[in-house]
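Comments concern the structure below.
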Amino acid sequence: MKGTVLGIEGTAWNLSAAIVNEKDVIAEVTDTYSPATGGIHPREAAQHHAKYASTVIRKVLEEANGKGVTSSDINAIAFSQGPGLGACLRTVATAARMLAITFEVPLIGVNHCLAHIEIGRWKTPARDPVTLYVSGANSQILAYRMRKYRVFGETLDIGLGNAFDKFARNAGLSHPGGPKIEQLAKKSTNYIPLPYVVKGMDLSFSGLSTAATEALKRNSLEDVCYSLQETAFAMIVEVTERALAHTGKNEVLLAGGVGANMRLREMLDIMCTDRGVSFHVPEKRFMGDNGAMIAYLGLLMYNAGDILSIENSHVNPNFRPDDVDVTWLE
Amino acid sequence: MIVSEENIDGDIIELTNGAEATVRIEDGCVVKERIQKRYRLRELDERIRKERTKAESRLISEARRLGIPTPIIHDVEKSVIRMQYIPGMPLKHVINEVLSERLGELVGLLHTGGIIHGDLTTSNLILNDDKLYMIDFGLSFMNSAVEARGVDIHVLFQTFESTHHYYESLIEAFCRGYRRVFTGADEVLERVTEIEKRGRYA
């Protein structure tokens with residue numbers, strides 16, 4: 001595999017551009033939209049991306065230049081084609097098309113979920129893992145089989161991070177709620193029963209978020225945060241274990257912003273130890289949304305000849321990972 | 001859960017070690033035990049195992065009342081079910097059109113009674129003499145929605161396709177049996193076709 005790819009991520013609140021080659025991430029520049037109050041407002045997030053796209057791209061090119069990689073070394077432009085917020089996706093896709101035309105290089109449309117998996121396989125020893133991908137909008141358990149990353153389990157309503165953020169807003173905590181819930185949960189060991197909703201291999205978090213908000217009326221914030229974490233994480237660890245049993249694979253990879261939570265990591269670690277499988281967590285900068293993962297999967301796809309024409313580069317806000325024919329693995 | 005005759009030589013034999021439960025034979029009975037999960041808070045873990053064990057045993061008995069041969073429950077305690085051991089061959093080794101039609105009738109009875117099996121594979125049906133027994137209700141639940149019934153059958157058809165090369169005639173035979181006993185069959189079988197097109201397998 002060879003080449004140098006510039007990738008742009010902007011599915012939600014994080015605008016991030018990176019340049020990678022087969023050896024490492026050469027440069028990465030990120031500018032994050034942070035709402036003054038409440039959660040992510042899709043239009044405001046897209047306006048943020050439109051405002052800062054040129055700055056972020058100029059900076060990443062400068063940073064790479066300082067390391068001896070110039071714009072003429074870039075072989076392709078990759079962008080996150082979905083899933084994500086439509087307005088944000090369109091903004092980033094426009095920037096990517098413009099760059100591909102200017103540099104006269106191919107354009108590559110990357111599935112955001114698969115980029116999380118591939119950077120994990122690049123930056124950890126995991127080779128053929130069951131991946132637990134948990135972020136604000138997404139909660140999926142995936143594994144590779146016969147030229148596709150199959151979804152073995154997923155949320156039937158909202159993502160786990162989204163459920164936490166919703167609860168946090170109701171509890172008066174600022175966005176993002178996850179880290180605050182984690183800190184408050186450490187102060188309690190008093191479990192309040194909350195709905196545990198695993199349907200076969202699938203999960204549901206919206207009722208849990210509502211029940212946790214209701215529980216605030218009769219319980220302390222610390223106790224509810226603790227109970228919310230224990231319940232939600234147990235649900236996703238259970239489905240991850242089922243996917244291991246079903247596929248016979250012996251590695252677990254954690255991906256997505258919620259993966260920063262230490263209690264979630266501890267629970268996964270216990271499950272993996274008890275099952276005798278290995279557990280892999282990339283360093284934090286590669287867990288949340290980042291440009292490097294888009295550039296890296298772009299590089300893999302570039303080497304497989306998996307490129308897009310400008311005419312076919314529409315974004316797809318509901319882009320499923322199991323719709324992608326995996327061209328870059330044997 | 002796979003129960004086959006070569007497993008029954010000793011007194012206590014581990015039959016399976018899935019993600020959720022162990023199944024062993026003790027004194028001629030099947031003992032299914034939901035195992036403790038150390039990653040889960042003890043209180044939560046006990047609640048879930050108890051609830052699921054109770055639900056599973058209730059559904060096994062309910063299915064038998066609907067006319068489907070299932071193991072007789074001897075005892076339920078906390079997270080352990082003791083039930084009748086059904087000797088015989090898993091359907092996947094002996095399936096033919098006649099048995100597939102019979103299976104269609106059994107699933108039709110189950111769905112008429114509002115139960116979804118949740119893990120319909122040819123390993124979860126045992127042929128004992130001439131009787132077809134349905135086992136492992138570990139993922140079963142009550143639901144009368146077309147979608148849930150459709151997914152139930154879709155999972156079964158997938159095991160047909162992955163393990164039997166003459167699956168098309170097995171599917172046809174299944175549908176004959178299913179239509180015979182269940183009045184809502186056509187709508188469900190239509191949904192099965194639609195679920196296949198969606199491309200997500202369970």
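Ordered as shown in the structure tokens, chains take letters A, B, and onward, while each chain numbers its residues from 1 and ligands are numbered from 1 in the order shown.
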8 Å contact set for segment 276-293 of chain A, only C-alpha atoms, chain neighbours under 4 positions out, as a ChimeraX atom specification: /A:7-9,14-20,25,28-30,115-116,118-120,123-126,135,250-260,268-269,272,297
N, CA and C atoms of the current selection, written as a short mmCIF file (atom, residue, chain, number, x, y, z; two decimals), in the first residue's frame:
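What ended up in out.cif:
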```
data_model
loop_
_atom_site.label_atom_id
_atom_site.label_comp_id
_atom_site.auth_asym_id
_atom_site.auth_seq_id
_atom_site.Cartn_x
_atom_site.Cartn_y
_atom_site.Cartn_z
N GLY A 7 -7.92 13.75 4.22
CA GLY A 7 -9.28 13.36 4.58
C GLY A 7 -9.96 14.43 5.42
N ILE A 8 -11.26 14.60 5.21
CA ILE A 8 -12.01 15.59 6.00
C ILE A 8 -13.20 14.91 6.68
N GLU A 9 -13.30 15.14 7.99
CA GLU A 9 -14.41 14.63 8.78
C GLU A 9 -15.28 15.81 9.20
N ASN A 14 -17.60 17.88 15.09
CA ASN A 14 -16.16 18.01 14.92
C ASN A 14 -15.80 18.20 13.46
N LEU A 15 -15.11 19.32 13.16
CA LEU A 15 -14.57 19.52 11.81
C LEU A 15 -13.08 19.22 11.92
N SER A 16 -12.63 18.25 11.13
CA SER A 16 -11.24 17.83 11.29
C SER A 16 -10.67 17.39 9.95
N ALA A 17 -9.48 17.89 9.62
CA ALA A 17 -8.82 17.48 8.38
C ALA A 17 -7.47 16.88 8.72
N ALA A 18 -7.08 15.84 7.98
CA ALA A 18 -5.79 15.19 8.26
C ALA A 18 -5.17 14.71 6.97
N ILE A 19 -3.84 14.60 6.99
CA ILE A 19 -3.10 14.04 5.87
C ILE A 19 -2.35 12.82 6.40
N VAL A 20 -2.56 11.68 5.77
CA VAL A 20 -1.88 10.46 6.23
C VAL A 20 -1.20 9.78 5.03
N VAL A 25 0.12 9.32 10.56
CA VAL A 25 -0.61 10.56 10.38
C VAL A 25 0.42 11.67 10.28
N GLU A 28 -2.72 16.87 11.31
CA GLU A 28 -4.16 16.86 11.62
C GLU A 28 -4.54 18.17 12.29
N VAL A 29 -5.62 18.78 11.80
CA VAL A 29 -6.10 20.04 12.39
C VAL A 29 -7.60 19.91 12.62
N THR A 30 -8.03 20.29 13.82
CA THR A 30 -9.43 20.12 14.20
C THR A 30 -9.99 21.42 14.74
N ALA A 115 -14.62 3.91 9.09
CA ALA A 115 -13.36 4.63 9.35
C ALA A 115 -12.94 4.44 10.81
N HIS A 116 -13.93 4.45 11.72
CA HIS A 116 -13.63 4.20 13.15
C HIS A 116 -12.99 2.82 13.31
N GLU A 118 -11.43 0.93 10.97
CA GLU A 118 -10.14 0.76 10.29
C GLU A 118 -9.01 1.47 11.01
N ILE A 119 -9.28 2.65 11.59
CA ILE A 119 -8.18 3.30 12.30
C ILE A 119 -7.82 2.51 13.56
N GLY A 120 -8.83 1.87 14.16
CA GLY A 120 -8.57 1.00 15.31
C GLY A 120 -7.71 -0.20 14.92
N LYS A 123 -4.14 1.27 14.43
CA LYS A 123 -3.42 1.80 15.59
C LYS A 123 -3.43 0.88 16.82
N THR A 124 -4.01 -0.31 16.71
CA THR A 124 -3.94 -1.29 17.80
C THR A 124 -3.56 -2.63 17.17
N PRO A 125 -3.23 -3.65 17.98
CA PRO A 125 -2.90 -4.96 17.40
C PRO A 125 -4.12 -5.75 16.90
N ALA A 126 -5.34 -5.22 17.07
CA ALA A 126 -6.55 -5.95 16.64
C ALA A 126 -6.51 -6.22 15.14
N SER A 135 -21.03 6.09 20.04
CA SER A 135 -20.80 7.54 20.02
C SER A 135 -22.11 8.23 20.33
N ASN A 250 -11.98 -13.60 18.38
CA ASN A 250 -11.35 -13.53 19.70
C ASN A 250 -10.67 -12.19 20.01
N GLU A 251 -11.21 -11.12 19.42
CA GLU A 251 -10.72 -9.78 19.73
C GLU A 251 -11.91 -8.83 19.83
N VAL A 252 -11.80 -7.88 20.75
CA VAL A 252 -12.80 -6.81 20.82
C VAL A 252 -12.08 -5.48 20.63
N LEU A 253 -12.65 -4.64 19.77
CA LEU A 253 -12.13 -3.30 19.54
C LEU A 253 -13.19 -2.28 19.97
N LEU A 254 -12.77 -1.30 20.74
CA LEU A 254 -13.68 -0.25 21.18
C LEU A 254 -13.46 0.99 20.31
N ALA A 255 -14.55 1.59 19.82
CA ALA A 255 -14.43 2.78 18.97
C ALA A 255 -15.54 3.77 19.33
N GLY A 256 -15.32 5.04 19.00
CA GLY A 256 -16.33 6.07 19.23
C GLY A 256 -16.09 6.84 20.51
N GLY A 257 -16.67 8.04 20.57
CA GLY A 257 -16.42 8.96 21.67
C GLY A 257 -16.78 8.43 23.05
N VAL A 258 -17.87 7.62 23.15
CA VAL A 258 -18.27 7.09 24.45
C VAL A 258 -17.20 6.14 25.00
N GLY A 259 -16.37 5.63 24.11
CA GLY A 259 -15.27 4.74 24.50
C GLY A 259 -14.26 5.38 25.44
N ALA A 260 -14.33 6.70 25.60
CA ALA A 260 -13.44 7.37 26.55
C ALA A 260 -13.80 7.03 27.99
N LEU A 268 -15.86 -3.92 29.78
CA LEU A 268 -15.46 -4.68 28.59
C LEU A 268 -14.23 -5.54 28.90
N ASP A 269 -13.33 -4.96 29.68
CA ASP A 269 -12.11 -5.68 30.03
C ASP A 269 -12.44 -6.93 30.84
N CYS A 272 -14.02 -9.54 28.52
CA CYS A 272 -13.02 -10.14 27.63
C CYS A 272 -12.10 -11.09 28.40
N LEU A 297 -8.88 5.48 5.97
CA LEU A 297 -9.74 4.58 5.17
C LEU A 297 -9.73 5.04 3.70
#
```
Where in segment 65-288 of chain A does DSSP assign helix (DSSP H, G or I), given as a short mmCIF file (atom, residue, chain, number, x, y, z; two decimals) with C-alpha atoms, in the first residue's frame?
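Saved file out.cif follows:
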```cif
data_model
loop_
_atom_site.label_atom_id
_atom_site.label_comp_id
_atom_site.auth_asym_id
_atom_site.auth_seq_id
_atom_site.Cartn_x
_atom_site.Cartn_y
_atom_site.Cartn_z
CA ASN A 65 4.42 21.26 4.35
CA SER A 71 -0.01 19.51 -1.85
CA SER A 72 1.49 17.98 -5.03
CA ASP A 73 2.22 14.80 -3.00
CA GLY A 86 -27.22 16.28 6.35
CA ALA A 87 -26.24 19.94 6.42
CA CYS A 88 -22.81 19.16 7.94
CA LEU A 89 -22.16 16.36 5.44
CA ARG A 90 -23.03 18.58 2.48
CA THR A 91 -20.70 21.34 3.69
CA VAL A 92 -17.75 18.99 4.04
CA ALA A 93 -18.51 17.23 0.73
CA THR A 94 -18.46 20.59 -1.06
CA ALA A 95 -15.01 21.37 0.37
CA ALA A 96 -13.75 17.90 -0.62
CA ARG A 97 -15.05 18.18 -4.21
CA MET A 98 -13.44 21.58 -4.56
CA LEU A 99 -10.08 20.20 -3.37
CA ALA A 100 -10.29 17.15 -5.68
CA ILE A 101 -10.94 19.41 -8.69
CA THR A 102 -8.23 21.90 -7.71
CA PHE A 103 -5.55 19.24 -7.09
CA HIS A 112 -17.79 7.17 8.89
CA CYS A 113 -18.48 4.02 10.98
CA LEU A 114 -16.03 1.91 9.00
CA ALA A 115 -13.36 4.63 9.35
CA HIS A 116 -13.63 4.20 13.15
CA ILE A 117 -13.00 0.46 12.76
CA GLU A 118 -10.14 0.76 10.29
CA ILE A 119 -8.18 3.30 12.30
CA GLY A 120 -8.57 1.00 15.31
CA ARG A 121 -7.16 -1.91 13.28
CA TRP A 122 -4.30 0.36 12.18
CA LYS A 123 -3.42 1.80 15.59
CA LEU A 160 -25.97 5.77 23.70
CA GLY A 161 -24.15 9.11 23.78
CA ASN A 162 -27.30 10.84 22.66
CA ALA A 163 -29.26 9.17 25.49
CA PHE A 164 -26.66 10.38 28.00
CA ASP A 165 -26.66 13.91 26.54
CA LYS A 166 -30.45 14.09 26.64
CA PHE A 167 -30.52 13.02 30.27
CA ALA A 168 -27.70 15.44 31.08
CA ARG A 169 -29.58 18.38 29.56
CA ASN A 170 -32.67 17.48 31.59
CA GLY A 177 -23.02 15.19 29.15
CA GLY A 178 -21.01 11.96 29.12
CA PRO A 179 -17.87 13.14 30.97
CA LYS A 180 -19.99 14.89 33.64
CA ILE A 181 -22.13 11.79 34.16
CA GLU A 182 -18.95 9.73 34.54
CA GLN A 183 -17.57 12.03 37.25
CA LEU A 184 -20.87 12.17 39.18
CA ALA A 185 -21.31 8.38 38.94
CA SER A 206 -34.56 6.22 24.63
CA GLY A 207 -36.78 4.71 27.34
CA LEU A 208 -33.77 4.39 29.61
CA SER A 209 -32.94 8.08 29.20
CA THR A 210 -36.55 9.06 30.02
CA ALA A 211 -36.68 6.73 33.03
CA ALA A 212 -33.41 8.19 34.35
CA THR A 213 -34.84 11.71 34.04
CA GLU A 214 -37.98 10.59 35.94
CA ALA A 215 -35.80 8.99 38.63
CA LEU A 221 -28.17 13.10 40.71
CA GLU A 222 -25.12 10.99 41.66
CA ASP A 223 -27.23 7.86 42.22
CA VAL A 224 -29.05 8.30 38.89
CA CYS A 225 -25.80 8.91 36.95
CA TYR A 226 -24.32 5.77 38.50
CA SER A 227 -27.41 3.66 37.73
CA LEU A 228 -27.69 5.03 34.19
CA GLN A 229 -24.07 4.10 33.41
CA GLU A 230 -24.28 0.66 34.99
CA THR A 231 -27.47 -0.18 33.07
CA ALA A 232 -26.53 1.20 29.65
CA PHE A 233 -23.01 -0.22 29.65
CA ALA A 234 -24.15 -3.67 30.83
CA MET A 235 -26.55 -3.75 27.87
CA ILE A 236 -23.90 -3.03 25.25
CA VAL A 237 -21.32 -5.32 26.84
CA GLU A 238 -23.90 -8.14 26.83
CA VAL A 239 -24.56 -7.75 23.10
CA THR A 240 -20.82 -7.51 22.39
CA GLU A 241 -20.34 -10.82 24.20
CA ARG A 242 -23.16 -12.38 22.18
CA ALA A 243 -21.50 -11.25 18.96
CA LEU A 244 -18.26 -12.89 20.13
CA ALA A 245 -20.08 -16.17 20.80
CA HIS A 246 -21.89 -15.97 17.48
CA THR A 247 -18.90 -15.13 15.27
CA GLY A 257 -16.42 8.96 21.67
CA VAL A 258 -18.27 7.09 24.45
CA GLY A 259 -15.27 4.74 24.50
CA ALA A 260 -13.44 7.37 26.55
CA MET A 262 -13.33 4.35 32.02
CA ARG A 263 -16.19 2.37 33.56
CA LEU A 264 -17.23 1.11 30.11
CA ARG A 265 -13.63 0.06 29.43
CA GLU A 266 -13.45 -1.72 32.78
CA MET A 267 -16.65 -3.70 32.07
CA LEU A 268 -15.46 -4.68 28.59
CA ASP A 269 -12.11 -5.68 30.03
CA ILE A 270 -13.77 -7.96 32.61
CA MET A 271 -15.98 -9.57 29.95
CA CYS A 272 -13.02 -10.14 27.63
CA THR A 273 -10.88 -11.57 30.44
CA ASP A 274 -13.65 -13.98 31.46
CA ARG A 275 -14.11 -15.08 27.84
CA LYS A 284 -7.98 8.83 22.73
CA ARG A 285 -7.32 11.08 19.68
CA PHE A 286 -8.39 8.20 17.40
#
```
What are the residues of chain B lining chain A at 6 Å or less? Count only C-alpha atoms, and put the answer as number ranges by chain. B: 19, 39-40
Using C-alpha atoms, can you export the residues from the last selection as a tab-separated table (two decimals), in the first residue's frame?
```tsv
chain	number	residue	atom	x	y	z
B	19	ALA	CA	-22.77	-16.20	25.88
B	39	TYR	CA	-18.98	-7.10	34.38
B	40	ARG	CA	-22.56	-6.41	35.48
```
Can you check which residues of segment 5-34 of chain A DSSP gives as strand (DSSP E or B) on the backbone and send them as a ChimeraX atom specification? /A:5-9,14-21,25-32
Could you please determine the separation between atom CA of Ile81 of chain B and atom CA of Val197 of chain A in Å, to one decimal place?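 According to the coordinates, atom CA of Ile81 of chain B and atom CA of Val197 of chain A are separated by 22.5 Å.
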Go through B:Arg34, B:His164, B:Arg82, B:His93 and flag the residue nearest Asn124 of chain B, using only C-alpha atoms for the distances.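 For Asn124 of chain B, the nearest of the candidates is B:His93.
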With only C-alpha atoms as the counted atoms, please give the residues lying no more than 9 Å from segment 36-38 of chain A, apart from itself and same-chain residues fewer than 3 positions off, as a short mmCIF file (atom, residue, chain, number, x, y, z; two decimals) with C-alpha atoms, in the first residue's frame.
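Result written to selection.cif:
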```cif
data_model
loop_
_atom_site.label_atom_id
_atom_site.label_comp_id
_atom_site.auth_asym_id
_atom_site.auth_seq_id
_atom_site.Cartn_x
_atom_site.Cartn_y
_atom_site.Cartn_z
CA HIS A 41 -27.90 22.46 16.51
CA ARG A 169 -29.58 18.38 29.56
CA SER A 174 -23.94 21.20 29.87
CA HIS A 175 -23.05 19.50 26.59
#
```
Could you please determine the separation between atom CA of Thr121 of chain B and atom CA of Gln140 of chain A in Å, to one decimal place?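 One can read the atom CA of Thr121 of chain B to atom CA of Gln140 of chain A distance as 24.0 Å.
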